[in-house]
Structure formats: structure tokens, C-alpha cells
file structure.json (JSON, C-alpha atoms and all ligand atoms)
[["chain", "number", "residue", "atom", "x", "y", "z"],
["C", 1, "MET", "CA", -8.25, 27.47, 68.68],
["C", 2, "GLU", "CA", -10.09, 25.43, 71.34],
["C", 3, "ASP", "CA", -11.95, 22.26, 70.28],
["C", 4, "HIS", "CA", -15.44, 23.70, 70.78],
["C", 5, "GLU", "CA", -14.65, 26.73, 68.64],
["C", 6, "ARG", "CA", -13.45, 24.42, 65.89],
["C", 7, "LEU", "CA", -16.68, 22.39, 66.19],
["C", 8, "ARG", "CA", -18.76, 25.56, 65.95],
["C", 9, "ASP", "CA", -16.91, 26.65, 62.82],
["C", 10, "LEU", "CA", -17.57, 23.23, 61.37],
["C", 11, "MET", "CA", -21.25, 23.40, 62.38],
["C", 12, "VAL", "CA", -21.56, 26.70, 60.49],
["C", 13, "SER", "CA", -19.67, 25.57, 57.39],
["C", 14, "THR", "CA", -21.30, 22.13, 57.08],
["C", 15, "GLN", "CA", -24.85, 22.58, 58.48],
["C", 16, "LEU", "CA", -25.80, 26.22, 58.02],
["C", 17, "VAL", "CA", -24.06, 27.68, 54.95],
["C", 18, "PRO", "CA", -24.86, 24.71, 52.64],
["C", 19, "ARG", "CA", -28.54, 24.99, 53.61],
["C", 20, "GLY", "CA", -28.69, 28.63, 52.60],
["C", 21, "ILE", "CA", -28.10, 30.67, 55.77],
["C", 22, "THR", "CA", -26.35, 33.75, 54.39],
["C", 23, "ASN", "CA", -26.75, 36.48, 57.01],
["C", 24, "GLU", "CA", -23.16, 37.01, 58.20],
["C", 25, "ARG", "CA", -24.25, 38.42, 61.58],
["C", 26, "VAL", "CA", -26.33, 35.28, 62.23],
["C", 27, "LEU", "CA", -23.45, 33.01, 61.18],
["C", 28, "GLN", "CA", -21.08, 34.96, 63.45],
["C", 29, "ALA", "CA", -23.43, 34.63, 66.44],
["C", 30, "MET", "CA", -23.71, 30.88, 65.81],
["C", 31, "ARG", "CA", -19.88, 30.66, 65.72],
["C", 32, "LYS", "CA", -19.66, 32.55, 69.00],
["C", 33, "VAL", "CA", -22.31, 31.18, 71.41],
["C", 34, "PRO", "CA", -21.01, 28.09, 73.28],
["C", 35, "ARG", "CA", -23.94, 25.76, 72.57],
["C", 36, "HIS", "CA", -22.45, 22.89, 74.63],
["C", 37, "LEU", "CA", -22.79, 24.92, 77.85],
["C", 38, "PHE", "CA", -26.59, 25.05, 77.40],
["C", 39, "MET", "CA", -27.07, 21.31, 77.74],
["C", 40, "PRO", "CA", -26.66, 18.72, 80.48],
["C", 41, "GLU", "CA", -23.05, 17.43, 80.73],
["C", 42, "HIS", "CA", -23.89, 13.87, 79.66],
["C", 43, "VAL", "CA", -25.07, 15.04, 76.20],
["C", 44, "ARG", "CA", -22.45, 17.72, 75.57],
["C", 45, "TYR", "CA", -20.44, 15.41, 73.33],
["C", 46, "SER", "CA", -23.20, 15.81, 70.72],
["C", 47, "ALA", "CA", -23.70, 19.56, 71.20],
["C", 48, "TYR", "CA", -22.60, 20.46, 67.65],
["C", 49, "SER", "CA", -24.36, 17.61, 65.86],
["C", 50, "ASP", "CA", -27.03, 18.29, 63.26],
["C", 51, "SER", "CA", -29.99, 17.59, 65.56],
["C", 52, "ALA", "CA", -32.22, 18.70, 68.41],
["C", 53, "ILE", "CA", -31.03, 17.40, 71.80],
["C", 54, "GLU", "CA", -32.91, 16.49, 75.00],
["C", 55, "ILE", "CA", -32.34, 18.99, 77.82],
["C", 56, "GLY", "CA", -34.56, 17.35, 80.48],
["C", 57, "GLU", "CA", -38.22, 17.84, 81.49],
["C", 58, "GLY", "CA", -39.18, 16.26, 78.15],
["C", 59, "GLN", "CA", -37.91, 19.32, 76.26],
["C", 60, "THR", "CA", -35.23, 19.93, 73.63],
["C", 61, "ILE", "CA", -32.69, 22.47, 72.46],
["C", 62, "SER", "CA", -33.49, 22.99, 68.78],
["C", 63, "GLN", "CA", -31.29, 21.80, 65.90],
["C", 64, "PRO", "CA", -28.62, 24.45, 65.04],
["C", 65, "TYR", "CA", -30.13, 24.94, 61.57],
["C", 66, "MET", "CA", -33.57, 25.70, 63.06],
["C", 67, "VAL", "CA", -32.04, 28.26, 65.44],
["C", 68, "ALA", "CA", -30.18, 29.86, 62.53],
["C", 69, "ILE", "CA", -33.05, 30.00, 60.06],
["C", 70, "MET", "CA", -35.55, 31.35, 62.63],
["C", 71, "THR", "CA", -33.02, 33.98, 63.68],
["C", 72, "GLU", "CA", -32.31, 34.93, 60.06],
["C", 73, "LEU", "CA", -36.05, 35.28, 59.34],
["C", 74, "LEU", "CA", -36.29, 37.83, 62.19],
["C", 75, "GLU", "CA", -34.08, 40.32, 60.24],
["C", 76, "LEU", "CA", -32.40, 41.67, 63.37],
["C", 77, "THR", "CA", -30.26, 44.80, 63.05],
["C", 78, "GLY", "CA", -29.12, 45.24, 66.66],
["C", 79, "THR", "CA", -31.67, 47.75, 67.98],
["C", 80, "GLU", "CA", -34.69, 45.51, 68.56],
["C", 81, "LYS", "CA", -36.64, 44.55, 71.65],
["C", 82, "VAL", "CA", -37.36, 40.84, 71.14],
["C", 83, "LEU", "CA", -39.82, 38.47, 72.83],
["C", 84, "GLU", "CA", -39.09, 34.74, 72.79],
["C", 85, "ILE", "CA", -41.69, 32.18, 73.90],
["C", 86, "GLY", "CA", -40.00, 28.95, 75.06],
["C", 87, "THR", "CA", -36.68, 29.70, 76.79],
["C", 88, "GLY", "CA", -35.76, 26.01, 77.12],
["C", 89, "SER", "CA", -31.98, 25.93, 77.58],
["C", 90, "GLY", "CA", -31.56, 29.66, 76.90],
["C", 91, "TYR", "CA", -29.42, 29.01, 73.79],
["C", 92, "GLN", "CA", -31.73, 30.70, 71.26],
["C", 93, "ALA", "CA", -32.06, 33.64, 73.67],
["C", 94, "ALA", "CA", -28.26, 33.98, 73.72],
["C", 95, "VAL", "CA", -28.10, 33.98, 69.91],
["C", 96, "LEU", "CA", -30.84, 36.64, 69.82],
["C", 97, "ALA", "CA", -29.03, 38.69, 72.47],
["C", 98, "GLU", "CA", -25.93, 38.80, 70.26],
["C", 99, "LEU", "CA", -28.00, 40.41, 67.49],
["C", 100, "SER", "CA", -30.54, 42.69, 69.21],
["C", 101, "ALA", "CA", -30.83, 45.18, 72.07],
["C", 102, "GLU", "CA", -33.01, 43.40, 74.67],
["C", 103, "VAL", "CA", -34.42, 39.89, 74.83],
["C", 104, "TYR", "CA", -37.41, 38.94, 76.98],
["C", 105, "THR", "CA", -37.94, 35.19, 77.10],
["C", 106, "VAL", "CA", -40.78, 33.24, 78.71],
["C", 107, "GLU", "CA", -40.62, 29.61, 79.89],
["C", 108, "ARG", "CA", -43.46, 27.64, 81.52],
["C", 109, "ILE", "CA", -41.24, 25.03, 83.24],
["C", 110, "ILE", "CA", -39.64, 26.60, 86.31],
["C", 111, "ALA", "CA", -36.68, 24.16, 86.48],
["C", 112, "LEU", "CA", -35.66, 25.00, 82.90],
["C", 113, "ALA", "CA", -36.04, 28.74, 83.46],
["C", 114, "GLU", "CA", -33.80, 28.51, 86.55],
["C", 115, "ARG", "CA", -31.14, 26.52, 84.73],
["C", 116, "ALA", "CA", -31.18, 28.89, 81.75],
["C", 117, "LYS", "CA", -30.80, 31.84, 84.14],
["C", 118, "GLU", "CA", -27.68, 30.27, 85.67],
["C", 119, "THR", "CA", -26.15, 29.48, 82.28],
["C", 120, "LEU", "CA", -26.78, 32.96, 80.87],
["C", 121, "LYS", "CA", -25.51, 34.63, 84.03],
["C", 122, "GLY", "CA", -22.35, 32.51, 83.87],
["C", 123, "LEU", "CA", -21.78, 33.73, 80.31],
["C", 124, "GLY", "CA", -22.29, 37.36, 81.31],
["C", 125, "TYR", "CA", -25.43, 38.19, 79.29],
["C", 126, "LYS", "CA", -27.04, 41.33, 80.71],
["C", 127, "ASN", "CA", -29.66, 41.94, 78.01],
["C", 128, "ILE", "CA", -31.71, 38.76, 78.55],
["C", 129, "HIS", "CA", -34.67, 38.76, 80.92],
["C", 130, "ILE", "CA", -36.26, 35.41, 81.78],
["C", 131, "VAL", "CA", -39.88, 35.27, 82.91],
["C", 132, "THR", "CA", -41.70, 32.13, 84.10],
["C", 133, "GLY", "CA", -45.27, 31.53, 82.96],
["C", 134, "ASP", "CA", -47.54, 30.89, 80.00],
["C", 135, "GLY", "CA", -45.96, 32.74, 77.09],
["C", 136, "THR", "CA", -49.02, 32.35, 74.86],
["C", 137, "THR", "CA", -50.46, 35.46, 76.53],
["C", 138, "GLY", "CA", -47.22, 37.36, 75.91],
["C", 139, "LEU", "CA", -45.82, 40.04, 78.20],
["C", 140, "GLU", "CA", -48.36, 42.85, 78.16],
["C", 141, "ALA", "CA", -46.41, 44.98, 80.65],
["C", 142, "ILE", "CA", -43.28, 45.07, 78.44],
["C", 143, "ALA", "CA", -45.02, 45.25, 75.02],
["C", 144, "PRO", "CA", -44.83, 46.31, 72.24],
["C", 145, "PHE", "CA", -42.04, 44.20, 70.76],
["C", 146, "ASP", "CA", -40.14, 44.70, 67.48],
["C", 147, "ARG", "CA", -39.78, 40.96, 66.99],
["C", 148, "ILE", "CA", -41.41, 37.83, 68.46],
["C", 149, "ILE", "CA", -40.19, 34.26, 68.13],
["C", 150, "ILE", "CA", -42.05, 31.18, 69.35],
["C", 151, "THR", "CA", -39.79, 28.16, 69.74],
["C", 152, "ALA", "CA", -42.52, 25.58, 70.39],
["C", 153, "ALA", "CA", -45.18, 24.25, 67.99],
["C", 154, "ALA", "CA", -48.24, 26.48, 67.87],
["C", 155, "PRO", "CA", -51.66, 25.46, 66.45],
["C", 156, "THR", "CA", -52.09, 29.11, 65.38],
["C", 157, "VAL", "CA", -50.33, 32.35, 66.28],
["C", 158, "PRO", "CA", -51.67, 33.35, 69.71],
["C", 159, "PRO", "CA", -53.75, 36.55, 69.20],
["C", 160, "PRO", "CA", -52.22, 38.35, 72.23],
["C", 161, "LEU", "CA", -48.78, 38.05, 70.56],
["C", 162, "VAL", "CA", -50.03, 39.72, 67.38],
["C", 163, "GLY", "CA", -51.44, 42.47, 69.58],
["C", 164, "GLN", "CA", -48.07, 42.92, 71.31],
["C", 165, "LEU", "CA", -46.09, 43.13, 68.05],
["C", 166, "LYS", "CA", -45.22, 46.60, 66.73],
["C", 167, "GLU", "CA", -46.56, 47.74, 63.37],
["C", 168, "GLY", "CA", -43.98, 46.57, 60.79],
["C", 169, "GLY", "CA", -42.65, 44.00, 63.29],
["C", 170, "ILE", "CA", -41.92, 40.35, 62.49],
["C", 171, "ILE", "CA", -43.05, 37.17, 64.23],
["C", 172, "VAL", "CA", -41.50, 33.77, 63.48],
["C", 173, "ALA", "CA", -43.03, 30.52, 64.71],
["C", 174, "PRO", "CA", -43.52, 26.83, 63.87],
["C", 175, "VAL", "CA", -47.25, 26.65, 63.13],
["C", 176, "GLY", "CA", -49.35, 23.61, 62.22],
["C", 177, "GLU", "CA", -50.19, 20.22, 63.68],
["C", 178, "ARG", "CA", -48.98, 18.97, 67.04],
["C", 179, "PHE", "CA", -46.26, 16.75, 65.50],
["C", 180, "SER", "CA", -45.47, 18.56, 62.23],
["C", 181, "GLN", "CA", -45.37, 22.22, 61.37],
["C", 182, "ARG", "CA", -43.95, 24.77, 58.92],
["C", 183, "LEU", "CA", -42.07, 27.90, 59.83],
["C", 184, "LEU", "CA", -44.27, 30.94, 59.64],
["C", 185, "LYS", "CA", -42.87, 34.43, 59.12],
["C", 186, "GLY", "CA", -45.50, 37.07, 59.70],
["C", 187, "ARG", "CA", -45.07, 40.82, 59.27],
["C", 188, "LYS", "CA", -47.61, 43.09, 60.96],
["C", 189, "VAL", "CA", -49.08, 45.48, 58.43],
["C", 190, "ARG", "CA", -52.08, 47.66, 59.31],
["C", 191, "ASN", "CA", -52.80, 45.53, 62.39],
["C", 192, "HIS", "CA", -52.78, 42.31, 60.37],
["C", 193, "LEU", "CA", -50.16, 39.57, 59.86],
["C", 194, "GLU", "CA", -48.92, 39.14, 56.28],
["C", 195, "GLU", "CA", -47.95, 35.48, 56.40],
["C", 196, "GLU", "CA", -45.38, 33.38, 54.54],
["C", 197, "TYR", "CA", -44.79, 29.69, 55.28],
["C", 198, "SER", "CA", -41.42, 27.97, 54.62],
["C", 199, "THR", "CA", -39.37, 25.10, 56.05],
["C", 200, "PRO", "CA", -41.13, 22.00, 57.47],
["C", 201, "CYS", "CA", -40.22, 21.30, 61.09],
["C", 202, "ALA", "CA", -41.22, 19.34, 64.22],
["C", 203, "PHE", "CA", -41.12, 21.21, 67.53],
["C", 204, "VAL", "CA", -42.33, 20.20, 70.99],
["C", 205, "PRO", "CA", -45.82, 21.62, 71.65],
["C", 206, "LEU", "CA", -46.60, 25.11, 72.85],
["C", 207, "ILE", "CA", -48.81, 24.43, 75.86],
["C", 208, "GLY", "CA", -51.06, 27.12, 77.27],
["C", 209, "GLU", "CA", -54.16, 29.25, 76.96],
["C", 210, "TYR", "CA", -53.61, 29.93, 73.22],
["C", 211, "GLY", "CA", -51.59, 26.76, 72.52],
["C", 212, "TRP", "CA", -52.23, 23.05, 72.96],
["C", 213, "THR", "CA", -53.72, 21.62, 76.13],
["C", 214, "GLY", "CA", -51.22, 19.62, 78.25],
["Z", 301, "LIG", "N1", -35.49, 28.05, 72.58],
["Z", 301, "LIG", "C1", -35.10, 26.87, 73.32],
["Z", 301, "LIG", "C2", -33.61, 26.71, 73.39],
["Z", 301, "LIG", "O1", -32.87, 27.49, 72.79],
["Z", 301, "LIG", "O2", -33.18, 25.79, 74.09],
["Z", 301, "LIG", "C3", -35.75, 25.60, 72.83],
["Z", 301, "LIG", "C4", -37.19, 25.61, 73.10],
["Z", 301, "LIG", "S1", -37.94, 24.02, 73.29],
["Z", 301, "LIG", "C5", -37.94, 23.42, 71.64],
["Z", 301, "LIG", "C6", -39.60, 24.59, 73.61],
["Z", 301, "LIG", "C7", -39.78, 25.21, 74.97],
["Z", 301, "LIG", "O3", -41.04, 25.86, 75.00],
["Z", 301, "LIG", "C8", -39.78, 24.19, 76.11],
["Z", 301, "LIG", "O4", -38.81, 24.54, 77.05],
["Z", 301, "LIG", "C9", -41.19, 24.32, 76.67],
["Z", 301, "LIG", "O5", -41.28, 24.08, 78.06],
["Z", 301, "LIG", "C10", -41.55, 25.74, 76.31],
["Z", 301, "LIG", "N2", -42.98, 26.06, 76.29],
["Z", 301, "LIG", "C11", -44.00, 25.32, 75.82],
["Z", 301, "LIG", "N3", -45.17, 25.99, 75.97],
["Z", 301, "LIG", "C12", -44.87, 27.19, 76.55],
["Z", 301, "LIG", "C13", -45.63, 28.32, 76.96],
["Z", 301, "LIG", "N4", -46.95, 28.39, 76.81],
["Z", 301, "LIG", "N5", -44.98, 29.37, 77.51],
["Z", 301, "LIG", "C14", -43.63, 29.33, 77.67],
["Z", 301, "LIG", "N6", -42.86, 28.29, 77.32],
["Z", 301, "LIG", "C15", -43.46, 27.23, 76.75]]
call {"tool": "encode", "arguments": {"input": "structure.json", "output": "C-alpha cells"}}
result
Amino acid sequence: MEDHERLRDLMVSTQLVPRGITNERVLQAMRKVPRHLFMPEHVRYSAYSDSAIEIGEGQTISQPYMVAIMTELLELTGTEKVLEIGTGSGYQAAVLAELSAEVYTVERIIALAERAKETLKGLGYKNIHIVTGDGTTGLEAIAPFDRIIITAAAPTVPPPLVGQLKEGGIIVAPVGERFSQRLLKGRKVRNHLEEEYSTPCAFVPLIGEYGWTG
């Protein structure tokens, strides 16, 4: 077994399972996706540590546990069309792509979107589509989506995203203040989000028309 595989197994058994991640498909995807390849070389030594890591442009790749819990909350079965807001390194998109049919992911910083494209192409992912722009307005042309995940801190759920979510669909997002949030899981029922808040978290801000200003 190569070293990185061993580190991923360890990440799953020491960071995810003890904190209550039980979905075996999610755990398997986290064991499979080579997280170290999504970050700049000089920080790869800490790729499997229990923390978020800087990826440049003032942005981060989320802590493995956050990726796992948000993915688990999405209840993916393999058939879904998923929208992610905040591509960053592309790592979360890869985990989603292991568990769903198609992933559309939007990033506002062009340099990050380009790097994520290269990484995902190198790994052979064909079901991930990266779009550059303000994800708070969603992707009207591709909607509706079965699932939506926002991986940056939102003051509230952007209304266009609720509009682009299918009836019965799930949206997961860190919602709250600029520097501290809770994970929101919302299910769209009769055109409305039924909301449940869980784990406290601290994401970088969602910046855009329906997010924070600059
Ligand atoms: N999912 C990423 C990963 O796996 O590496 C981590 C996302 S990082 C915590 C948040 C990302 O959201 C940053 O790359 C940031 O540039 C992006 N972002 C912030 N506001 C955005 C917006 N309105 N539209 C698209 N991306 C946005």
C-alpha cells in the first residue's frame, strides 16, 4: 500500500469515523480521492492532517471532516446532478463526483478554477464541469439541481439557489456570521426550505451578489 493511501485510511479511521461519519460510500470516497494532489506542493506534507489548508489566493481546502459531513448530509445515491459553489482546489468536487452523476462547480477566482481544472483532468474526472463566476446566482441554464452545496460562508442561503433546487432536493451550506457559522441542511418542500442547523464551523466568506461584499 502506498504511503498516501495509508494516510487516507488513517484520516478516515481517526478523524471521520470517531466523529460520527457512518455513510460507507462517503468513507470510501474519502479513502480514494488523493487529497494531497489538490494542494500546492509545499503544503502536501500536511494534506491528511485534521485541518483546513491554504491553497493560495487567500483561500483554503476544507478540513477532511467538514468535507465528509457536508457530503454525508447531501444523501447522495449516485444518480444526482449536483451544484457546488466554491470550487477552490476541486477536492470537494472530486468527492462529490465519486458519489453522484454530474457535478457543476462554480469558482469566482479564475486562477483557482484553472488549477482545479488541471488537477481534475489529470485524475481523469469526466463528470465535473467547472464554471468561473459568481456562484451566488447559481447556474440558471443548467438548473434544476438535485443537490446544492456551498463551500464558503453565506450570510443567508442565496434565493436563486433555492429556486434552482428541485422539489425534495437538499442544500447544504455554512450559514451565519462572516467568521463563524453552523452547517445548514435544507430540504425543499412545497417551494420552501425546511431547515436544520448542526455543526459549528468557520469558512472563508462567500463573496457576491447574494453573499458578502468583498
Ligand atoms: N470546496 C473547496 C475545496 O474542496 O477545495 C474549498 C472551498 S474554499 C473553503 C471557498 C471557495 O469559495 C474559495 O475558493 C472562494 O474563492 C470561493 N468563493 C467565494 N465566493 C464565491 C462565489 N460567489 N462564487 C464562487 N466561488 C466563491
call {"tool": "residues_near_ligand", "arguments": {"input": "structure.json", "ligand": "ligand LIG 301 (chain Z)", "cutoff": "9 Å", "atoms": "all atoms listed in the file", "output": "ChimeraX atom specification"}}
result
/C:38-39,52-53,55,57-63,67,84-95,105-110,112-113,116,131-138,149-154,203-212
call {"tool": "closest_residue", "arguments": {"input": "structure.json", "among": "C:Ile128, C:Ile171, C:Met70, C:Cys201", "to": "Ile21 of chain C", "atoms": "all atoms listed in the file"}}
result
C:Met70
call {"tool": "closest_residue", "arguments": {"input": "structure.json", "among": "C:Val162, C:Leu83, C:Leu139, C:Val172", "to": "Thr71 of chain C", "atoms": "all atoms listed in the file"}}
result
C:Val172
call {"tool": "closest_residue", "arguments": {"input": "structure.json", "among": "C:Lys81, C:Arg25, C:Arg115, C:Arg6", "to": "Pro40 of chain C", "atoms": "all atoms listed in the file"}}
result
C:Arg115
call {"tool": "residues_around", "arguments": {"input": "structure.json", "residues": "Glu140 of chain C", "least_positions_apart": "5", "cutoff": "10 Å", "atoms": "all atoms listed in the file", "output": "number ranges by chain"}}
result
C: 145, 160-161, 163-164
call {"tool": "residues_around", "arguments": {"input": "structure.json", "residues": "Arg31 of chain C", "least_positions_apart": "5", "cutoff": "7 Å", "atoms": "only C-alpha atoms", "output": "list in words"}}
result
Arg8, Asp9 and Val12 of chain C
call {"tool": "atom_distance", "arguments": {"input": "structure.json", "atom1": "atom CA of Arg19 of chain C", "atom2": "atom CA of Glu72 of chain C"}}
result
12.4 Å
call {"tool": "decode", "arguments": {"input": "structure.json", "residues": "segment 189-204 of chain C", "atoms": "N, CA, C and O atoms", "output": "mmCIF file, in the first residue's frame"}}
result
data_model
loop_
_atom_site.group_PDB
_atom_site.id
_atom_site.type_symbol
_atom_site.label_atom_id
_atom_site.label_comp_id
_atom_site.auth_asym_id
_atom_site.auth_seq_id
_atom_site.Cartn_x
_atom_site.Cartn_y
_atom_site.Cartn_z
ATOM 1 N N VAL C 189 -39.333 21.682 0.258
ATOM 2 C CA VAL C 189 -40.652 21.065 0.335
ATOM 3 C C VAL C 189 -41.686 22.135 0.003
ATOM 4 O O VAL C 189 -41.722 23.174 0.655
ATOM 5 N N ARG C 190 -42.508 21.871 -0.990
ATOM 6 C CA ARG C 190 -43.513 22.834 -1.462
ATOM 7 C C ARG C 190 -42.908 24.235 -1.631
ATOM 8 O O ARG C 190 -43.378 25.224 -1.078
ATOM 9 N N ASN C 191 -41.754 24.255 -2.359
ATOM 10 C CA ASN C 191 -41.122 25.529 -2.726
ATOM 11 C C ASN C 191 -40.457 26.275 -1.573
ATOM 12 O O ASN C 191 -40.086 27.427 -1.725
ATOM 13 N N HIS C 192 -40.338 25.597 -0.427
ATOM 14 C CA HIS C 192 -39.796 26.222 0.775
ATOM 15 C C HIS C 192 -38.672 25.363 1.321
ATOM 16 O O HIS C 192 -38.722 24.147 1.191
ATOM 17 N N LEU C 193 -37.671 25.974 2.003
ATOM 18 C CA LEU C 193 -36.625 25.150 2.616
ATOM 19 C C LEU C 193 -37.024 24.781 4.038
ATOM 20 O O LEU C 193 -37.292 25.659 4.858
ATOM 21 N N GLU C 194 -37.042 23.457 4.323
ATOM 22 C CA GLU C 194 -37.181 23.009 5.717
ATOM 23 C C GLU C 194 -35.772 22.932 6.262
ATOM 24 O O GLU C 194 -34.957 22.150 5.763
ATOM 25 N N GLU C 195 -35.457 23.745 7.265
ATOM 26 C CA GLU C 195 -34.060 23.927 7.661
ATOM 27 C C GLU C 195 -33.711 23.250 8.977
ATOM 28 O O GLU C 195 -34.490 23.265 9.921
ATOM 29 N N GLU C 196 -32.496 22.692 9.016
ATOM 30 C CA GLU C 196 -31.943 22.104 10.244
ATOM 31 C C GLU C 196 -30.513 22.599 10.362
ATOM 32 O O GLU C 196 -29.754 22.508 9.398
ATOM 33 N N TYR C 197 -30.134 23.114 11.532
ATOM 34 C CA TYR C 197 -28.747 23.571 11.723
ATOM 35 C C TYR C 197 -27.981 22.575 12.590
ATOM 36 O O TYR C 197 -28.534 22.035 13.541
ATOM 37 N N SER C 198 -26.700 22.309 12.239
ATOM 38 C CA SER C 198 -25.897 21.379 13.058
ATOM 39 C C SER C 198 -24.534 21.976 13.381
ATOM 40 O O SER C 198 -24.445 23.082 13.904
ATOM 41 N N THR C 199 -23.489 21.259 13.034
ATOM 42 C CA THR C 199 -22.109 21.552 13.423
ATOM 43 C C THR C 199 -21.649 23.006 13.265
ATOM 44 O O THR C 199 -21.791 23.586 12.188
ATOM 45 N N PRO C 200 -21.029 23.593 14.279
ATOM 46 C CA PRO C 200 -20.403 24.910 14.133
ATOM 47 C C PRO C 200 -19.193 24.815 13.198
ATOM 48 O O PRO C 200 -18.517 23.778 13.170
ATOM 49 N N CYS C 201 -18.922 25.877 12.455
ATOM 50 C CA CYS C 201 -17.798 25.842 11.518
ATOM 51 C C CYS C 201 -17.340 27.270 11.215
ATOM 52 O O CYS C 201 -17.997 28.236 11.607
ATOM 53 N N ALA C 202 -16.207 27.382 10.511
ATOM 54 C CA ALA C 202 -15.677 28.705 10.144
ATOM 55 C C ALA C 202 -15.089 28.616 8.739
ATOM 56 O O ALA C 202 -13.974 28.123 8.561
ATOM 57 N N PHE C 203 -15.862 29.050 7.768
ATOM 58 C CA PHE C 203 -15.442 29.011 6.359
ATOM 59 C C PHE C 203 -14.997 30.402 5.909
ATOM 60 O O PHE C 203 -15.378 31.413 6.513
ATOM 61 N N VAL C 204 -14.242 30.454 4.806
ATOM 62 C CA VAL C 204 -13.940 31.747 4.179
ATOM 63 C C VAL C 204 -15.246 32.278 3.582
ATOM 64 O O VAL C 204 -16.157 31.498 3.275
#
